[in-house]
Amino acid sequence: MSLQTINVLLIEDSPSAAEMIKWSLLGIEDVAKFQLHWVSTLADGLERLDTGQIDVVLSDLSLPDADGLTSFMTINAKCPRLPVVVLTGLDDATVAVEAVKAGAQDYLVKGDITGKVLARAICYAIERKKADEAIKELTHQLQDANTRLARLASVDPLTELLNRRGFESALTAEASRSTRGGASASAILLDCDDFKQVNESFGHAVGDMVLKEIGRCLRSSVRPSDHAARIGGDEFLVLLPDTRPAEATAIAQRIRMAIAATTLTLPTGNVAITASLGVAALPADLSSIEEILVLTRSAIKQSKKLGKNRVSSDAEVGAQADGDESREDRVADMLASGKYLKAYLQPIVDLSDCRPVGCEMLSRSTIPSLENPDDFFRASIEHKVLTAVDLSCLKTCLRAASGLVDCPRVQVNLFPSTILDTPVELLLDLFQTAGSARTYCIEISEQQFIGDPGNLRERAIALKEAGILIAIDDVGFGRSSLESLIVLEPDVIKIAPKYVIGIASAAYRQPLLARLVRLGNSLGAELVAEGIETEAELEIVRSLGIPYGQGFLWGRPFPAGTSIQHQQEALPT
């Protein structure tokens with residue numbers, strides 16, 4: 001079997017040392033066949049490398065035209081894929097170690113070189129360099145794959161615009177930037193006209209072609225700083241940073257005309273494409289896509305009402321309101337605006353002495369017939385503005401909380417869907433704006449979980465890492481309590497009022513409540529009993545070891561402008 005030929009470039013200014021290395025290699029031809037190419041200067045070595053056909057370099061660290069690390073660094077810069085073994089004397093071994101750290105495959109002390117040591121160093125250097133290059137290539141491929149995956153996660157594959165997740169990331173970045181710089185922003189909502197009819201008449205393949213054309217028109221019409229996304233079906237959203245409404249309307253008109261000028265030619269006939277667009281100015285404290293949709297959908301409805309293939313703005317809709325606007329439209333706008341909300345609070349007390357340790361902030365509607373919280377939120381769901389309304393409630397409560405001087409902890413309510421719809425960074429911005437002088441806790445009602453509570457886990461962890469406590473409210477009300485408690489690991493467990501109200505006259509409930517207490521204690525969560533209305537209920541709850549409570553015994557929710565301490569002065573202790 002023929003041996004492999006290894007071409008070795010030796011850069012060594014000492015003829016005797018070069019001769020010794022030559023004879024050492026000749027004596028080990030049973031390992032490999034070594035072809036030695038000797039030069040005495042770095043310049044000659046670099047020139048020889050230009051001719052190619054070199055497998056490994058042996059380079060002295062003390063050359064007449066390059067001393068120390070300079071020789072190795074120069075060779076490595078010229079041929080980074082070529083393995084290099086440095087040669088050193090006893091007095092410069094430290095420099096040789098530095099060369100290995102910088103990328104040399106090995107170093108040999110000249111006085112200790114034998115044929116077998118030299119052959120092993122050369123062969124190992126070649127194999128290690130191959131392995132290093134293979135690892136680099138795999139790393140590069142992995143980075144490319146991760147980049148592609150990240151793009152797939154944030155880009156709609158059909159239109160090549162951002163998807164909902166990608167738009168959320170852009171919204172988070174722009175909201176942070178506008179908060180720092182105080183810049184204004186606008187948004188455009190686009191809805192394809194008669195898209196359902198296109199799908200039914202020509203098929204979904206043609207419908208996809210229509211969506212692709214709209215995506216192309218958007219990319220060609222918006223500015224590099226804008227963010228265009230397909231957020232579902234035939235709806236598209238464009239975020240326009242640093243843009244006033246008049247300029248946004250001009251951009252929307254440009255998009256509309258580009259789409260209207262597009263026609264798909266099919267064997268069965270031409271398909272004209274048009275779109276209706278709505279423009280809205282965005283508030284500085286914007287937190288979610290749902291809020292943008294609420295602001296722009298009234299304008300879209302106006303465009304559709306006026307005959308489609310039009311651009312309308314929220315300002316125009318406001319000016320024409322009350323004329324032909326339906327009551328449902330008015331209610332939806334009133335719900336989402338946040339203008340018809342008031343903040344109330346109810347104390348959370350230490351049951352050992354009935355002194356307040358914090359409060360739960362609550363939102364109440366002033367819209368006629370929707371003053372009841374259940375009716376208010378039910379209407380929000382019916383009008384598909386729940387997330388926007390819930391965020392308005394949160395902002396109302398946090399604004400009121402910023403004025404409290406005697407409340408070390410404030411607990412606020414959020415729907416699970418709102419937490420999922422809103423980037424964590426933007427939620428945290430709202431709490432930071434309210435001030436950091438107290439602890440905040442988000443209450444998530446067990447009644448409101450839809451599907452797997454684990455969907456909330458990642459966001460709950462992020463909120464807790466930022467110092468926001470998580471409470472599960474109404475524990476024991478529904479059937480998924482145990483799962484939500486295990487998965488979300490709440491800081492606070494609020495026991496549903498149904499376990500407390502009337503417990504003094506229903507002895508069978510006491511063991512049930514005691515089991516909930518043991519469960520909460522086993523999870524290391526703080527327990528709060530809700531619904532305490534009588535002294536008898538208070539005594540039973542105390543006897544079970546529940547440390548905190550809340551209920552009508554200490555008063556009904558009252559306007560946030562009232563001092564908690566003042567409200568408590570004449571109440572039971």
# chains A, B, ... in the order shown; residues from 1 in each chain; ligands from 1
>>> select_by_dssp(residues="range 307-502 of chain A", states="helix (DSSP H, G or I)", output="ChimeraX atom specification")
/A:314-320,327-337,373-382,386-401,416-421,424-434,446-448,453-465,481-488,497-499
>>> write_last_selection(atoms="C-alpha atoms", output="PDB file, in the first residue's frame")
ATOM      1  CA  ASP A 314     -59.692  58.077  12.110  1.00  0.00           C
ATOM      2  CA  ALA A 315     -59.861  61.885  12.182  1.00  0.00           C
ATOM      3  CA  GLU A 316     -62.373  61.875   9.314  1.00  0.00           C
ATOM      4  CA  VAL A 317     -64.427  59.195  11.034  1.00  0.00           C
ATOM      5  CA  GLY A 318     -64.494  61.238  14.232  1.00  0.00           C
ATOM      6  CA  ALA A 319     -65.673  64.320  12.363  1.00  0.00           C
ATOM      7  CA  GLN A 320     -68.525  62.374  10.720  1.00  0.00           C
ATOM      8  CA  ARG A 327     -74.953  52.373  17.830  1.00  0.00           C
ATOM      9  CA  GLU A 328     -72.768  49.236  17.764  1.00  0.00           C
ATOM     10  CA  ASP A 329     -69.889  51.199  16.204  1.00  0.00           C
ATOM     11  CA  ARG A 330     -70.260  53.924  18.810  1.00  0.00           C
ATOM     12  CA  VAL A 331     -70.282  51.419  21.677  1.00  0.00           C
ATOM     13  CA  ALA A 332     -67.201  49.640  20.308  1.00  0.00           C
ATOM     14  CA  ASP A 333     -65.319  52.938  20.065  1.00  0.00           C
ATOM     15  CA  MET A 334     -66.442  53.996  23.544  1.00  0.00           C
ATOM     16  CA  LEU A 335     -65.361  50.659  25.029  1.00  0.00           C
ATOM     17  CA  ALA A 336     -61.892  50.794  23.493  1.00  0.00           C
ATOM     18  CA  SER A 337     -61.176  54.491  24.007  1.00  0.00           C
ATOM     19  CA  PRO A 373     -68.187  44.828  35.114  1.00  0.00           C
ATOM     20  CA  ASP A 374     -69.541  41.538  33.725  1.00  0.00           C
ATOM     21  CA  ASP A 375     -71.678  43.389  31.170  1.00  0.00           C
ATOM     22  CA  PHE A 376     -68.801  45.694  30.289  1.00  0.00           C
ATOM     23  CA  PHE A 377     -66.370  42.881  29.514  1.00  0.00           C
ATOM     24  CA  ARG A 378     -69.032  40.757  27.828  1.00  0.00           C
ATOM     25  CA  ALA A 379     -69.723  43.668  25.456  1.00  0.00           C
ATOM     26  CA  SER A 380     -65.982  44.019  24.833  1.00  0.00           C
ATOM     27  CA  ILE A 381     -65.827  40.387  23.766  1.00  0.00           C
ATOM     28  CA  GLU A 382     -68.884  40.745  21.530  1.00  0.00           C
ATOM     29  CA  LEU A 386     -61.330  42.817  24.587  1.00  0.00           C
ATOM     30  CA  THR A 387     -57.530  43.187  24.511  1.00  0.00           C
ATOM     31  CA  ALA A 388     -57.709  46.916  23.772  1.00  0.00           C
ATOM     32  CA  VAL A 389     -60.286  47.419  26.536  1.00  0.00           C
ATOM     33  CA  ASP A 390     -58.312  45.314  29.008  1.00  0.00           C
ATOM     34  CA  LEU A 391     -55.173  47.353  28.318  1.00  0.00           C
ATOM     35  CA  SER A 392     -57.154  50.572  28.756  1.00  0.00           C
ATOM     36  CA  CYS A 393     -58.326  49.252  32.132  1.00  0.00           C
ATOM     37  CA  LEU A 394     -54.735  48.451  33.095  1.00  0.00           C
ATOM     38  CA  LYS A 395     -53.541  51.930  32.113  1.00  0.00           C
ATOM     39  CA  THR A 396     -56.420  53.540  34.025  1.00  0.00           C
ATOM     40  CA  CYS A 397     -55.560  51.560  37.153  1.00  0.00           C
ATOM     41  CA  LEU A 398     -51.824  52.212  36.899  1.00  0.00           C
ATOM     42  CA  ARG A 399     -52.383  55.955  36.479  1.00  0.00           C
ATOM     43  CA  ALA A 400     -54.530  55.937  39.606  1.00  0.00           C
ATOM     44  CA  ALA A 401     -52.000  53.759  41.463  1.00  0.00           C
ATOM     45  CA  PRO A 416     -54.838  35.652  29.801  1.00  0.00           C
ATOM     46  CA  SER A 417     -55.546  36.613  26.167  1.00  0.00           C
ATOM     47  CA  THR A 418     -54.216  40.128  26.840  1.00  0.00           C
ATOM     48  CA  ILE A 419     -50.970  38.754  28.254  1.00  0.00           C
ATOM     49  CA  LEU A 420     -50.576  36.583  25.155  1.00  0.00           C
ATOM     50  CA  ASP A 421     -51.489  39.427  22.762  1.00  0.00           C
ATOM     51  CA  VAL A 424     -43.874  41.506  27.638  1.00  0.00           C
ATOM     52  CA  GLU A 425     -41.537  44.458  27.091  1.00  0.00           C
ATOM     53  CA  LEU A 426     -44.477  46.777  26.422  1.00  0.00           C
ATOM     54  CA  LEU A 427     -46.370  45.517  29.466  1.00  0.00           C
ATOM     55  CA  LEU A 428     -43.309  46.199  31.601  1.00  0.00           C
ATOM     56  CA  ASP A 429     -43.063  49.716  30.124  1.00  0.00           C
ATOM     57  CA  LEU A 430     -46.564  50.436  31.460  1.00  0.00           C
ATOM     58  CA  PHE A 431     -45.611  49.336  34.979  1.00  0.00           C
ATOM     59  CA  GLN A 432     -42.341  51.284  34.897  1.00  0.00           C
ATOM     60  CA  THR A 433     -44.227  54.418  33.869  1.00  0.00           C
ATOM     61  CA  ALA A 434     -46.477  53.995  36.911  1.00  0.00           C
ATOM     62  CA  GLU A 446     -58.738  30.998  36.814  1.00  0.00           C
ATOM     63  CA  GLN A 447     -62.179  31.384  35.216  1.00  0.00           C
ATOM     64  CA  GLN A 448     -60.655  32.973  32.101  1.00  0.00           C
ATOM     65  CA  PRO A 453     -52.273  27.327  30.927  1.00  0.00           C
ATOM     66  CA  GLY A 454     -48.733  26.408  29.848  1.00  0.00           C
ATOM     67  CA  ASN A 455     -49.129  28.859  26.950  1.00  0.00           C
ATOM     68  CA  LEU A 456     -48.706  31.613  29.538  1.00  0.00           C
ATOM     69  CA  ARG A 457     -45.690  30.129  31.297  1.00  0.00           C
ATOM     70  CA  GLU A 458     -42.939  31.828  29.279  1.00  0.00           C
ATOM     71  CA  ARG A 459     -44.506  35.261  29.658  1.00  0.00           C
ATOM     72  CA  ALA A 460     -45.296  34.732  33.330  1.00  0.00           C
ATOM     73  CA  ILE A 461     -41.658  33.847  33.981  1.00  0.00           C
ATOM     74  CA  ALA A 462     -40.491  36.979  32.123  1.00  0.00           C
ATOM     75  CA  LEU A 463     -42.821  39.168  34.185  1.00  0.00           C
ATOM     76  CA  LYS A 464     -41.683  37.593  37.452  1.00  0.00           C
ATOM     77  CA  GLU A 465     -38.027  38.025  36.506  1.00  0.00           C
ATOM     78  CA  SER A 481     -56.974  25.213  38.838  1.00  0.00           C
ATOM     79  CA  LEU A 482     -54.456  22.510  39.731  1.00  0.00           C
ATOM     80  CA  GLU A 483     -52.822  22.611  36.301  1.00  0.00           C
ATOM     81  CA  SER A 484     -52.535  26.415  36.307  1.00  0.00           C
ATOM     82  CA  LEU A 485     -51.042  26.390  39.822  1.00  0.00           C
ATOM     83  CA  ILE A 486     -48.424  23.785  38.948  1.00  0.00           C
ATOM     84  CA  VAL A 487     -47.479  25.229  35.546  1.00  0.00           C
ATOM     85  CA  LEU A 488     -47.460  28.950  36.375  1.00  0.00           C
ATOM     86  CA  PRO A 497     -65.352  33.695  47.165  1.00  0.00           C
ATOM     87  CA  LYS A 498     -67.593  30.631  46.764  1.00  0.00           C
ATOM     88  CA  TYR A 499     -65.411  28.802  49.320  1.00  0.00           C
TER      89      TYR A 499
END
>>> select_by_dssp(residues="range 307-509 of chain A", states="strand (DSSP E)", output="NGL selection string")
:A and (311-313 or 341-350 or 355-365 or 409-413 or 439-445 or 469-475 or 492-495)
>>> closest_atom_pairs(of="range 429-525 of chain A", to="range 355-371 of chain A", cutoff="10 Å", atoms="only C-alpha atoms", output="Markdown table")
| residue | atom | partner | partner_atom | distance |
| --- | --- | --- | --- | --- |
| A:Arg438 | CA | A:Gly358 | CA | 9.6 |
| A:Thr439 | CA | A:Gly358 | CA | 9.2 |
| A:Tyr440 | CA | A:Gly358 | CA | 9.7 |
| A:Cys441 | CA | A:Glu360 | CA | 9.0 |
| A:Ile442 | CA | A:Glu360 | CA | 9.7 |
| A:Glu443 | CA | A:Glu360 | CA | 8.9 |
>>> closest_atom_pairs(of="range 254-340 of chain A", to="range 194-215 of chain A", cutoff="8 Å", atoms="only C-alpha atoms", output="JSON lines")
{"residue": "A:Ile259", "atom": "CA", "partner": "A:Ile214", "partner_atom": "CA", "distance": 6.3}
{"residue": "A:Thr262", "atom": "CA", "partner": "A:Glu213", "partner_atom": "CA", "distance": 7.6}
{"residue": "A:Leu264", "atom": "CA", "partner": "A:Val210", "partner_atom": "CA", "distance": 7.8}
{"residue": "A:Ile273", "atom": "CA", "partner": "A:Val210", "partner_atom": "CA", "distance": 7.2}
>>> closest_residue(among="A:Leu239, A:Leu286, A:Leu218, A:Val492", to="Ala170 in chain A", atoms="only C-alpha atoms")
A:Leu239
>>> residues_around(residues="range 305-311 of chain A", least_positions_apart="3", cutoff="7 Å", atoms="only C-alpha atoms", output="VMD selection string")
chain A and resid 193 252 to 253 256 274 to 278 301 to 302
>>> write_last_selection(atoms="C-alpha atoms", output="short mmCIF file (atom, residue, chain, number, x, y, z; two decimals), in the first residue's frame")
data_model
loop_
_atom_site.label_atom_id
_atom_site.label_comp_id
_atom_site.auth_asym_id
_atom_site.auth_seq_id
_atom_site.Cartn_x
_atom_site.Cartn_y
_atom_site.Cartn_z
CA ASP A 193 -61.91 44.33 -1.34
CA ALA A 252 -51.79 54.99 2.14
CA GLN A 253 -52.98 56.63 -1.08
CA ARG A 256 -53.99 52.08 -2.77
CA THR A 274 -58.49 46.91 -5.00
CA ALA A 275 -58.17 47.52 -1.27
CA SER A 276 -59.74 49.71 1.39
CA LEU A 277 -57.37 51.38 3.82
CA GLY A 278 -57.72 53.04 7.21
CA LYS A 301 -65.38 50.60 7.81
CA GLN A 302 -65.69 54.16 6.53
#
>>> residues_around(residues="range 127-133 of chain A", least_positions_apart="6", cutoff="9 Å", atoms="only C-alpha atoms", output="VMD selection string")
chain A and resid 81 to 84 105
>>> residues_around(residues="Leu10 in chain A", least_positions_apart="5", cutoff="6 Å", atoms="only C-alpha atoms", output="VMD selection string")
chain A and resid 37 to 38 58 to 59
>>> write_last_selection(atoms="N, CA and C atoms", output="PDB file, in the first residue's frame")
ATOM      1  N   HIS A  37      10.258  21.199   1.928  1.00  0.00           N
ATOM      2  CA  HIS A  37      10.584  22.387   1.137  1.00  0.00           C
ATOM      3  C   HIS A  37      11.139  23.416   2.120  1.00  0.00           C
ATOM      4  N   TRP A  38      12.460  23.687   2.020  1.00  0.00           N
ATOM      5  CA  TRP A  38      13.114  24.535   3.029  1.00  0.00           C
ATOM      6  C   TRP A  38      13.377  25.929   2.477  1.00  0.00           C
ATOM      7  N   LEU A  58       6.127  24.204   9.039  1.00  0.00           N
ATOM      8  CA  LEU A  58       6.953  24.237  10.249  1.00  0.00           C
ATOM      9  C   LEU A  58       7.683  25.565  10.231  1.00  0.00           C
ATOM     10  N   SER A  59       7.451  26.408  11.229  1.00  0.00           N
ATOM     11  CA  SER A  59       8.044  27.741  11.205  1.00  0.00           C
ATOM     12  C   SER A  59       8.762  28.046  12.507  1.00  0.00           C
TER      13      SER A  59
END
>>> closest_residue(among="A:Asp112, A:Glu98, A:Lys384, A:Val541", to="Arg509 in chain A", atoms="only C-alpha atoms")
A:Val541
>>> atom_distance(atom1="CA of Glu19 in chain A", atom2="CA of Cys79 in chain A")
25.6 Å
>>> closest_residue(among="A:Ser14, A:Thr159, A:Ser522, A:Gln35", to="Pro64 in chain A", atoms="only C-alpha atoms")
A:Ser14
